[in-house]
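For reference, the structure discussed in these notes is given below.
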Amino acid sequence: MHDDRSLVEARLKRVLDERVRPAVYPESVPLEVAVWHAPGEPVPVAEGLAAEPEPIEVGARWGAPWGTSWFRVTGTVPEAWAGRTVEAVLDLGFDENMPGFQCEGLVYRPDGTPVKGLNPRNQWVRVGAPAEGGEQVRLHIEAASNPVILDYHPFLPTQLGDKETAGSDPQYTLTRMDLAVFDETVWQLVIDLEVLGELMAELPVESARRWEILRAVDKALDAVDLQDVNGTAARARSCLAEVLATPAAPSAHRISAVGHAHIDSAWLWPLRETVRKVARTTSNMTALLDDEPEFVFAMSQAQQWAWVRDHRPEVWARVKKAVADGRFVPAGGMWVESDTNMPGSEAMARQFVHGKRFFLDEFGIENDEAWLPDTFGFAAGLPQIIRAAGSKYLLTQKISWSQTNKFPHHTFRWEGIDGTRIFTHFPPVDTYNCSMKGSEIAHAARNFKDKGVARHSLAPTGWGDGGGGTTREMVAKAARLRDLEGSATVTWETPRDFFEKAAAEYPEPPVWVGELYLELHRATLTSQAKTKQGNRRSEHLLREAELWAATAAVRTGFPYPYEDLDRIWKTVLLHQFHDILPGSSIAWVHREARRTYERVAEELTGIVEAAQRALAGEGDTPLVFNAAPHARAGVPAGGASIPAGQQRTALTPRPGGGHVLDNGLLRVEVDARGLVVSAYDIEADRETVAPGRAANLLQLHPDFPNMWDAWDVDAFYRNTVTDLTDADEVAPDGDGVRIVRSFGSSRVTQLLSLAPGERRLVVDTEVGWHETEKFLKLAFPLDVHAERYASETQFGHFHRPTHTNTSWEAAKFEACNHRFVHLEEPGWGVALVNDSTYGHDVTRTVRTDGDGGTTTTVRVSLLRAPRFPDPETDQGVHRFRHALVPGAGIGDAVREGWRINLPERPLTGAREVAPLVTCDQDAVVVTAVKLADDGSGDVVVRFHEAFGGRTRATLSAGFEVADVAVTDLLERPLADAPAPRAEDGRIALRLRPFELMTLRLRRA
């Protein structure tokens, strides 16, 4: 008997590959196959079943990119197979090395009943167990010929990412269409050998357990007659029974396996294909639940559940039954697994509102956890949003992808900007597609950083993205790992069960304060600018639509558009999915997103205009509506007034070339290059622009990351930079200065303007962008010495250092902000606000004038031009608006950020409009005014402390208030919250720094 591990491993691999696995199906007969290719987009199931197919042979090519082919397979079970288990083996041309990311199928019976999905590692359909012999078999396969977009080495530009450019060449070769005998004993032997072989490979050389397994495996292989595997499989299994029955050590790491299929709501396929991916996977999982009594499957993203309900009612019925049985578990409580860096405050809140409400309405189930395994980092404002939604846990895995610093915990409490702490878990298995391989289980146990104080971790188990979810092989492996010496123990559990156990055993875990920054995928803050602009514009239009519709409903009886707003919110939330908003999807996804955002803008603008007309009445009095949460130019927040008259800004020639803008508060010098060489705060007697430097400087970098083109920007991009200082034109334009530049194949037109009575230099930039693999930045070198700066996040702001003392700080060379970044010295600061950009960087350099000071440079990221997965990323015309605000405190940054995103709306009417709700403190920012979702007519007001300090304020309602309740995000009263009193519609508030609060006001 061999006792050398390498020899046994080599023997095991060859015997498994060449003899044992092929013997799982020892006999087979071909099925007859016919196919009908749908002429365009996918057709309803009934139409696909009724279509008349044409014969096709195994070995034939099929499937134009993004096409749908309906295969009909027919045959007869041989009489000689009576009493044996029979399966159809249906291989559409799968590449088993890539579960998902290719062709897929959903099998139907002739009556339209879904059976299960077909995927690269899930190609079987049970026909009889046992078969009677002579059965007629007739199955239909709805097969999607999605092209292979992702081929990791290298990432090559491809036109396959849009059906308009993908062509019609067949993508796949029909490989196998058979009826076959399934030998369960051989199949079980395969699992036995795989589990033991994988465990043996992970055990230490000196381990006695390793040698026990080695000898047992060697003995089992001796017992296999290679010419009669099926006849000797049982004998071989008996040789393994003892080592498989030896229990795990009491101290073994404990893994909660959760059946899982991470399905990106769009990525390398369009939204319509995700609808079908979800149907295939849920069909698979409900079938597996029927076969495996201990298995538990969890699925997140309420949107995906809704797709099954709305598009596959026959699958939905099976899902509902499995949910009722407690084994198909709604997870996460969000509408989609969204990006969490870029969505605004209300949008992030509504992800939970719509997600949790869906599961409550459909199943009566409340989620305790946020489930975001693949999201690209987490904003520091998220913990209190999770808590405000009534949840208390967070799961993610993606932080393990960080390139520079290894996160120090797997289980911990995450503290957000307001002090809220959320119990958080990073699965140490380091994948959200665990397949129960021994290497994965061993890695989870070794990698777990909280040994000695905790020993539970979670393993999301199953193939995602069209891979079909958990397989019967994974379930069989988990059964053997339930209690096996040398391995961590594995138990199927729900996410809630895991979190309750983990929290109970680790009541005082370590605390991580601030954002959970992913040191990877930083370029997702910039890629696909129009998608990001569509999101930002939609968020603010939704605010306006709710505000003015609620105000008009209370004041005039205007019909509040509940259903329209609900539908539009869900559309916007869907597009915040973590491969849509980040710009990392194929061209088709972003092309559709642009059109969707256009429709959303048109519809919301219609609601806003109708509500404002109802409020203002018909007349010729000029009015200005202000939807921002702060008053401006005599117009109250949330109201409409007659605009005040304004003086003009002086525009004069600048000695030496260029122009000077002066409004009495700021004096801005634009030189002959179109660069801002001075932005002087007259009142403070303070220069904004660093000595010897120039602001409004466009800078161009090469941009070719090592991997993940649309996702990544690597630090070395900064090694080479071109300052775009040559100007085609610098000329007066009304009260501003127009600058035109050409570079490469692109052209930039900017308008610099200084509003009367405002300390705000507005920079409007239009770029005709036709570059490839380039990164465009807009730089503002500032004469400010600051060790940290603030960037807006959900319901507040977050401070990051301007230095790179440690590797953690150096790794944040590209970061996210919402409407502003702000830097300050004691008594004086500068804000840079924007209407649609998110990515930025802040650096400090030593000044060159010899006084030992430093320059702090803020650069906003405008455009990129990656070629994968969309080879035409960002090509075309883009428009951005930024404003430099010298002398700004944090309150000015907050206010100006809102103003640039919510411009005034002029309207002629008969009357001014008083706000529905006002607050007497600028530090308290109202983010939503709306009617309650339940149709009661109650007014819901959501607000937060925005400056980072404790505050007292008074909220005043412009209507008679009968009752006030503090609620969660779902507008449910909080039992433990003291009820504020309303006296004459005035409500006294006390808020801690960044505290989020929702009030429900019942009208008298």
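Chain labels run A, B, ... following the order of the structure tokens; each chain numbers its residues from 1, and ligands are numbered from 1 in the order shown.
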**Request:** Write out as a list in words all residues of range 10-85 of chain A that backbone DSSP assigns to strand (DSSP E or B).
**Result:**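 Of range 10-85 of chain A, only Ser28, Val29, Pro30, Glu32, Val33, Ala34, Val35, Trp36, His37, Glu54, Pro55, Arg61, Trp62, Gly67, Thr68, Ser69, Trp70, Phe71, Arg72, Val73, Thr74, Gly75 and Thr76 of chain A fall in strand (DSSP E or B).
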Writing out the chosen residues with N, CA and C atoms as a PDB file, in the first residue's frame:
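What ended up in selection.pdb:
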ATOM      1  N   SER A  28     -26.586   4.897 -21.459  1.00  0.00           N
ATOM      2  CA  SER A  28     -27.347   6.032 -21.975  1.00  0.00           C
ATOM      3  C   SER A  28     -27.842   5.746 -23.379  1.00  0.00           C
ATOM      4  N   VAL A  29     -28.927   6.430 -23.734  1.00  0.00           N
ATOM      5  CA  VAL A  29     -29.453   6.392 -25.098  1.00  0.00           C
ATOM      6  C   VAL A  29     -29.727   7.820 -25.522  1.00  0.00           C
ATOM      7  N   PRO A  30     -29.557   8.145 -26.795  1.00  0.00           N
ATOM      8  CA  PRO A  30     -29.767   9.530 -27.221  1.00  0.00           C
ATOM      9  C   PRO A  30     -31.240   9.892 -27.260  1.00  0.00           C
ATOM     10  N   GLU A  32     -34.115  12.433 -29.052  1.00  0.00           N
ATOM     11  CA  GLU A  32     -34.344  13.190 -30.279  1.00  0.00           C
ATOM     12  C   GLU A  32     -34.500  14.658 -29.903  1.00  0.00           C
ATOM     13  N   VAL A  33     -33.880  15.516 -30.691  1.00  0.00           N
ATOM     14  CA  VAL A  33     -33.840  16.934 -30.352  1.00  0.00           C
ATOM     15  C   VAL A  33     -34.319  17.755 -31.538  1.00  0.00           C
ATOM     16  N   ALA A  34     -35.140  18.745 -31.247  1.00  0.00           N
ATOM     17  CA  ALA A  34     -35.564  19.726 -32.245  1.00  0.00           C
ATOM     18  C   ALA A  34     -35.475  21.101 -31.596  1.00  0.00           C
ATOM     19  N   VAL A  35     -35.368  22.137 -32.403  1.00  0.00           N
ATOM     20  CA  VAL A  35     -35.162  23.476 -31.858  1.00  0.00           C
ATOM     21  C   VAL A  35     -35.938  24.508 -32.662  1.00  0.00           C
ATOM     22  N   TRP A  36     -36.412  25.514 -31.945  1.00  0.00           N
ATOM     23  CA  TRP A  36     -37.015  26.705 -32.571  1.00  0.00           C
ATOM     24  C   TRP A  36     -36.303  27.917 -31.992  1.00  0.00           C
ATOM     25  N   HIS A  37     -35.793  28.759 -32.871  1.00  0.00           N
ATOM     26  CA  HIS A  37     -35.079  29.954 -32.436  1.00  0.00           C
ATOM     27  C   HIS A  37     -36.038  31.137 -32.431  1.00  0.00           C
ATOM     28  N   GLU A  54     -37.488  22.552 -35.489  1.00  0.00           N
ATOM     29  CA  GLU A  54     -36.863  21.773 -36.547  1.00  0.00           C
ATOM     30  C   GLU A  54     -35.782  20.881 -35.947  1.00  0.00           C
ATOM     31  N   PRO A  55     -35.538  19.709 -36.544  1.00  0.00           N
ATOM     32  CA  PRO A  55     -34.548  18.777 -35.983  1.00  0.00           C
ATOM     33  C   PRO A  55     -33.160  19.408 -35.908  1.00  0.00           C
ATOM     34  N   ARG A  61     -23.984  23.690 -34.077  1.00  0.00           N
ATOM     35  CA  ARG A  61     -23.853  25.014 -33.474  1.00  0.00           C
ATOM     36  C   ARG A  61     -25.242  25.626 -33.316  1.00  0.00           C
ATOM     37  N   TRP A  62     -25.412  26.420 -32.267  1.00  0.00           N
ATOM     38  CA  TRP A  62     -26.705  27.080 -32.036  1.00  0.00           C
ATOM     39  C   TRP A  62     -26.467  28.360 -31.246  1.00  0.00           C
ATOM     40  N   GLY A  67     -29.687  35.464 -27.936  1.00  0.00           N
ATOM     41  CA  GLY A  67     -30.872  34.821 -28.483  1.00  0.00           C
ATOM     42  C   GLY A  67     -31.505  33.861 -27.492  1.00  0.00           C
ATOM     43  N   THR A  68     -32.691  33.391 -27.867  1.00  0.00           N
ATOM     44  CA  THR A  68     -33.398  32.366 -27.106  1.00  0.00           C
ATOM     45  C   THR A  68     -33.785  31.243 -28.055  1.00  0.00           C
ATOM     46  N   SER A  69     -33.427  30.027 -27.696  1.00  0.00           N
ATOM     47  CA  SER A  69     -33.757  28.853 -28.498  1.00  0.00           C
ATOM     48  C   SER A  69     -34.562  27.890 -27.637  1.00  0.00           C
ATOM     49  N   TRP A  70     -35.661  27.412 -28.188  1.00  0.00           N
ATOM     50  CA  TRP A  70     -36.511  26.459 -27.490  1.00  0.00           C
ATOM     51  C   TRP A  70     -36.226  25.057 -28.037  1.00  0.00           C
ATOM     52  N   PHE A  71     -35.587  24.242 -27.203  1.00  0.00           N
ATOM     53  CA  PHE A  71     -35.294  22.855 -27.579  1.00  0.00           C
ATOM     54  C   PHE A  71     -36.431  21.950 -27.087  1.00  0.00           C
ATOM     55  N   ARG A  72     -36.791  21.013 -27.933  1.00  0.00           N
ATOM     56  CA  ARG A  72     -37.728  19.954 -27.531  1.00  0.00           C
ATOM     57  C   ARG A  72     -36.968  18.637 -27.579  1.00  0.00           C
ATOM     58  N   VAL A  73     -36.925  17.938 -26.445  1.00  0.00           N
ATOM     59  CA  VAL A  73     -36.236  16.647 -26.397  1.00  0.00           C
ATOM     60  C   VAL A  73     -37.262  15.564 -26.094  1.00  0.00           C
ATOM     61  N   THR A  74     -37.205  14.492 -26.862  1.00  0.00           N
ATOM     62  CA  THR A  74     -38.166  13.392 -26.703  1.00  0.00           C
ATOM     63  C   THR A  74     -37.432  12.065 -26.747  1.00  0.00           C
ATOM     64  N   GLY A  75     -37.994  11.083 -26.079  1.00  0.00           N
ATOM     65  CA  GLY A  75     -37.397   9.756 -26.096  1.00  0.00           C
ATOM     66  C   GLY A  75     -38.217   8.801 -25.250  1.00  0.00           C
ATOM     67  N   THR A  76     -37.745   7.564 -25.185  1.00  0.00           N
ATOM     68  CA  THR A  76     -38.417   6.504 -24.440  1.00  0.00           C
ATOM     69  C   THR A  76     -37.420   5.817 -23.523  1.00  0.00           C
TER      70      THR A  76
END
**Request:** Please identify all polymer residues within 8 Å of Pro582 in chain A, counting only C-alpha atoms, omitting same-chain residues fewer than 4 positions from it, and present them as a list in words.
**Result:**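 Final neighbour list, sorted by chain and number: Asp339, Thr524, Leu525, Thr526, Ser527, Gln528, Lys532, Gln576, His578 and Trp711 of chain A.
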**Request:** Excluding Thr873 in chain A and residues on its chain fewer than 4 positions from it, collect all residues at most 12 Å away from it, counting only C-alpha atoms, and give them as number ranges by chain.
**Result:** A: 157-158, 161, 526-531, 583-591, 709-711, 769-775, 863-869, 877
Keeping N, CA and C atoms for every residue in the selection just given, could you write it to a file as a CSV table (one decimal), in the first residue's frame?
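Result file follows (again-v7.csv):
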chain,number,residue,atom,x,y,z
A,157,PRO,N,-11.7,44.2,-25.2
A,157,PRO,CA,-12.9,44.9,-25.7
A,157,PRO,C,-13.7,44.0,-26.6
A,158,THR,N,-15.0,44.1,-26.4
A,158,THR,CA,-15.9,43.2,-27.2
A,158,THR,C,-17.2,43.9,-27.5
A,161,GLY,N,-21.3,42.9,-25.9
A,161,GLY,CA,-22.1,43.5,-24.8
A,161,GLY,C,-23.3,44.2,-25.1
A,526,THR,N,-16.6,56.8,-10.9
A,526,THR,CA,-16.5,57.7,-12.1
A,526,THR,C,-17.0,57.1,-13.4
A,527,SER,N,-16.8,55.8,-13.6
A,527,SER,CA,-17.2,55.2,-14.9
A,527,SER,C,-18.7,55.4,-15.2
A,528,GLN,N,-19.0,55.6,-16.4
A,528,GLN,CA,-20.3,55.8,-16.9
A,528,GLN,C,-21.0,57.0,-16.3
A,529,ALA,N,-20.5,58.2,-16.7
A,529,ALA,CA,-20.9,59.4,-16.0
A,529,ALA,C,-22.4,59.7,-16.2
A,530,LYS,N,-23.0,59.3,-17.3
A,530,LYS,CA,-24.4,59.6,-17.5
A,530,LYS,C,-25.3,58.7,-16.6
A,531,THR,N,-24.9,57.5,-16.3
A,531,THR,CA,-25.6,56.7,-15.4
A,531,THR,C,-25.6,57.4,-14.0
A,583,GLY,N,-21.2,51.7,-12.9
A,583,GLY,CA,-20.7,51.8,-14.2
A,583,GLY,C,-19.9,50.6,-14.7
A,584,SER,N,-20.1,49.4,-14.1
A,584,SER,CA,-19.3,48.3,-14.4
A,584,SER,C,-20.1,47.2,-15.2
A,585,SER,N,-21.2,47.6,-15.9
A,585,SER,CA,-22.0,46.7,-16.7
A,585,SER,C,-21.7,46.9,-18.2
A,586,ILE,N,-22.3,46.0,-19.0
A,586,ILE,CA,-22.1,46.0,-20.4
A,586,ILE,C,-22.8,47.2,-21.0
A,587,ALA,N,-22.5,47.5,-22.3
A,587,ALA,CA,-23.1,48.7,-23.0
A,587,ALA,C,-24.6,48.6,-23.0
A,588,TRP,N,-25.2,47.5,-23.2
A,588,TRP,CA,-26.6,47.4,-23.2
A,588,TRP,C,-27.3,47.9,-21.9
A,589,VAL,N,-26.7,47.6,-20.8
A,589,VAL,CA,-27.3,48.0,-19.5
A,589,VAL,C,-27.3,49.5,-19.4
A,590,HIS,N,-26.2,50.1,-19.8
A,590,HIS,CA,-26.1,51.6,-19.6
A,590,HIS,C,-26.8,52.3,-20.7
A,591,ARG,N,-26.9,51.7,-21.9
A,591,ARG,CA,-27.8,52.3,-22.9
A,591,ARG,C,-29.2,52.4,-22.4
A,709,ASP,N,-11.1,46.8,-15.9
A,709,ASP,CA,-11.0,48.1,-16.5
A,709,ASP,C,-12.0,49.1,-16.0
A,710,ALA,N,-13.3,48.8,-16.1
A,710,ALA,CA,-14.3,49.8,-15.7
A,710,ALA,C,-14.3,50.0,-14.2
A,711,TRP,N,-13.8,49.0,-13.5
A,711,TRP,CA,-13.8,49.0,-12.0
A,711,TRP,C,-12.7,49.8,-11.4
A,769,TRP,N,-16.2,64.2,-25.2
A,769,TRP,CA,-15.2,63.2,-24.8
A,769,TRP,C,-15.0,62.1,-25.8
A,770,HIS,N,-13.8,62.0,-26.4
A,770,HIS,CA,-13.5,61.0,-27.4
A,770,HIS,C,-12.1,60.4,-27.2
A,771,GLU,N,-11.8,60.2,-25.9
A,771,GLU,CA,-10.5,59.6,-25.6
A,771,GLU,C,-10.7,58.1,-25.3
A,772,THR,N,-9.5,57.4,-25.2
A,772,THR,CA,-9.5,56.0,-24.9
A,772,THR,C,-8.5,55.8,-23.8
A,773,GLU,N,-8.9,55.1,-22.7
A,773,GLU,CA,-8.0,54.7,-21.6
A,773,GLU,C,-7.3,56.0,-21.1
A,774,LYS,N,-8.1,57.0,-20.8
A,774,LYS,CA,-7.7,58.2,-20.2
A,774,LYS,C,-8.6,58.6,-19.0
A,775,PHE,N,-8.1,59.4,-18.1
A,775,PHE,CA,-8.8,59.8,-16.9
A,775,PHE,C,-8.7,61.3,-16.8
A,863,LEU,N,-14.2,62.1,-16.0
A,863,LEU,CA,-14.5,61.1,-17.0
A,863,LEU,C,-13.4,60.1,-17.1
A,864,ARG,N,-13.7,58.9,-17.5
A,864,ARG,CA,-12.8,57.8,-17.8
A,864,ARG,C,-13.1,57.3,-19.2
A,865,ALA,N,-12.3,56.4,-19.7
A,865,ALA,CA,-12.6,55.8,-21.0
A,865,ALA,C,-12.1,54.3,-21.0
A,866,PRO,N,-12.5,53.5,-20.1
A,866,PRO,CA,-12.2,52.1,-20.1
A,866,PRO,C,-12.8,51.4,-21.3
A,867,ARG,N,-12.3,50.3,-21.7
A,867,ARG,CA,-12.8,49.6,-22.9
A,867,ARG,C,-13.5,48.3,-22.5
A,868,PHE,N,-13.5,47.9,-21.3
A,868,PHE,CA,-14.2,46.7,-20.9
A,868,PHE,C,-15.0,46.9,-19.6
A,869,PRO,N,-16.3,46.5,-19.5
A,869,PRO,CA,-17.0,45.7,-20.5
A,869,PRO,C,-17.7,46.4,-21.6
A,877,VAL,N,-20.9,63.6,-25.3
A,877,VAL,CA,-21.0,64.9,-24.7
A,877,VAL,C,-21.5,64.8,-23.3
**Message:** With distances taken over only C-alpha atoms, which residue among A:Glu57, A:Asp685, A:Asp264, A:Asp192 lies nearest Gly100 in chain A?
**Reply:**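 Checking each of A:Glu57, A:Asp685, A:Asp264, A:Asp192 against Gly100 in chain A, counting only C-alpha atoms, the winner is A:Asp264.
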**Message:** Show me, as a list in words, the residues that have an atom within 10 Å of Ala261 in chain A when counting only C-alpha atoms, minus same-chain residues fewer than 2 positions from it.
**Reply:** Val258, Gly259, Ile263, Asp264, Val278, Thr281, Thr282, Met285, Phe297, Ala298, Met299, Ser300, Tyr432, Asn433, Cys434, Pro460, Thr461, Gly462, Trp463, Gly464, Asp465, Gly466, Gly467, Gly468, Gly469 and Thr470 of chain A
Could you turn the residues from that selection into a file that holds N, CA and C atoms, as an mmCIF file, in the first residue's frame?
data_model
loop_
_atom_site.group_PDB
_atom_site.id
_atom_site.type_symbol
_atom_site.label_atom_id
_atom_site.label_comp_id
_atom_site.auth_asym_id
_atom_site.auth_seq_id
_atom_site.Cartn_x
_atom_site.Cartn_y
_atom_site.Cartn_z
ATOM 1 N N VAL A 258 -25.283 28.617 4.238
ATOM 2 C CA VAL A 258 -26.540 29.200 3.772
ATOM 3 C C VAL A 258 -26.592 29.007 2.266
ATOM 4 N N GLY A 259 -27.579 28.251 1.791
ATOM 5 C CA GLY A 259 -27.740 28.118 0.352
ATOM 6 C C GLY A 259 -27.878 29.483 -0.282
ATOM 7 N N ILE A 263 -26.914 36.736 -7.509
ATOM 8 C CA ILE A 263 -27.288 37.059 -8.887
ATOM 9 C C ILE A 263 -27.248 38.575 -9.055
ATOM 10 N N ASP A 264 -26.290 39.034 -9.834
ATOM 11 C CA ASP A 264 -26.216 40.462 -10.122
ATOM 12 C C ASP A 264 -27.441 40.885 -10.916
ATOM 13 N N VAL A 278 -33.054 34.558 -12.522
ATOM 14 C CA VAL A 278 -33.671 34.344 -11.218
ATOM 15 C C VAL A 278 -34.699 33.215 -11.296
ATOM 16 N N THR A 281 -32.808 29.895 -11.369
ATOM 17 C CA THR A 281 -32.203 29.559 -10.082
ATOM 18 C C THR A 281 -33.258 29.189 -9.049
ATOM 19 N N THR A 282 -34.341 29.943 -8.976
ATOM 20 C CA THR A 282 -35.372 29.617 -7.989
ATOM 21 C C THR A 282 -36.044 28.291 -8.316
ATOM 22 N N MET A 285 -33.641 25.755 -6.964
ATOM 23 C CA MET A 285 -33.566 25.695 -5.505
ATOM 24 C C MET A 285 -34.830 25.113 -4.876
ATOM 25 N N PHE A 297 -32.147 27.652 1.823
ATOM 26 C CA PHE A 297 -31.696 28.575 0.780
ATOM 27 C C PHE A 297 -32.173 29.980 1.102
ATOM 28 N N ALA A 298 -31.284 30.957 0.965
ATOM 29 C CA ALA A 298 -31.631 32.363 1.211
ATOM 30 C C ALA A 298 -31.423 33.164 -0.067
ATOM 31 N N MET A 299 -32.356 34.061 -0.347
ATOM 32 C CA MET A 299 -32.245 34.914 -1.530
ATOM 33 C C MET A 299 -32.542 36.356 -1.125
ATOM 34 N N SER A 300 -31.672 37.239 -1.536
ATOM 35 C CA SER A 300 -31.824 38.658 -1.223
ATOM 36 C C SER A 300 -32.486 39.373 -2.390
ATOM 37 N N TYR A 432 -18.443 34.331 -1.873
ATOM 38 C CA TYR A 432 -19.897 34.200 -1.734
ATOM 39 C C TYR A 432 -20.429 33.177 -2.741
ATOM 40 N N ASN A 433 -19.505 32.345 -3.264
ATOM 41 C CA ASN A 433 -19.865 31.218 -4.121
ATOM 42 C C ASN A 433 -19.207 29.945 -3.589
ATOM 43 N N CYS A 434 -19.320 29.716 -2.289
ATOM 44 C CA CYS A 434 -18.705 28.534 -1.692
ATOM 45 C C CYS A 434 -19.300 27.277 -2.318
ATOM 46 N N PRO A 460 -21.777 31.443 2.416
ATOM 47 C CA PRO A 460 -22.809 31.480 1.365
ATOM 48 C C PRO A 460 -22.460 30.432 0.312
ATOM 49 N N THR A 461 -23.340 29.451 0.117
ATOM 50 C CA THR A 461 -22.966 28.240 -0.620
ATOM 51 C C THR A 461 -23.813 28.073 -1.873
ATOM 52 N N GLY A 462 -23.177 28.186 -3.023
ATOM 53 C CA GLY A 462 -23.870 27.982 -4.287
ATOM 54 C C GLY A 462 -23.278 28.836 -5.381
ATOM 55 N N TRP A 463 -23.520 28.401 -6.633
ATOM 56 C CA TRP A 463 -23.048 29.160 -7.795
ATOM 57 C C TRP A 463 -24.027 30.291 -8.098
ATOM 58 N N GLY A 464 -23.482 31.482 -8.312
ATOM 59 C CA GLY A 464 -24.326 32.636 -8.602
ATOM 60 C C GLY A 464 -24.325 33.007 -10.067
ATOM 61 N N ASP A 465 -25.026 34.101 -10.355
ATOM 62 C CA ASP A 465 -25.014 34.726 -11.678
ATOM 63 C C ASP A 465 -25.372 33.779 -12.813
ATOM 64 N N GLY A 466 -26.326 32.901 -12.576
ATOM 65 C CA GLY A 466 -26.712 31.959 -13.608
ATOM 66 C C GLY A 466 -26.044 30.620 -13.477
ATOM 67 N N GLY A 467 -25.243 30.442 -12.421
ATOM 68 C CA GLY A 467 -24.641 29.139 -12.178
ATOM 69 C C GLY A 467 -25.624 28.143 -11.591
ATOM 70 N N GLY A 468 -26.790 28.615 -11.185
ATOM 71 C CA GLY A 468 -27.858 27.723 -10.759
ATOM 72 C C GLY A 468 -28.027 27.540 -9.276
ATOM 73 N N GLY A 469 -27.193 28.215 -8.449
ATOM 74 C CA GLY A 469 -27.353 28.091 -7.017
ATOM 75 C C GLY A 469 -26.624 26.895 -6.449
ATOM 76 N N THR A 470 -27.127 26.411 -5.336
ATOM 77 C CA THR A 470 -26.530 25.272 -4.656
ATOM 78 C C THR A 470 -26.824 23.994 -5.439
#
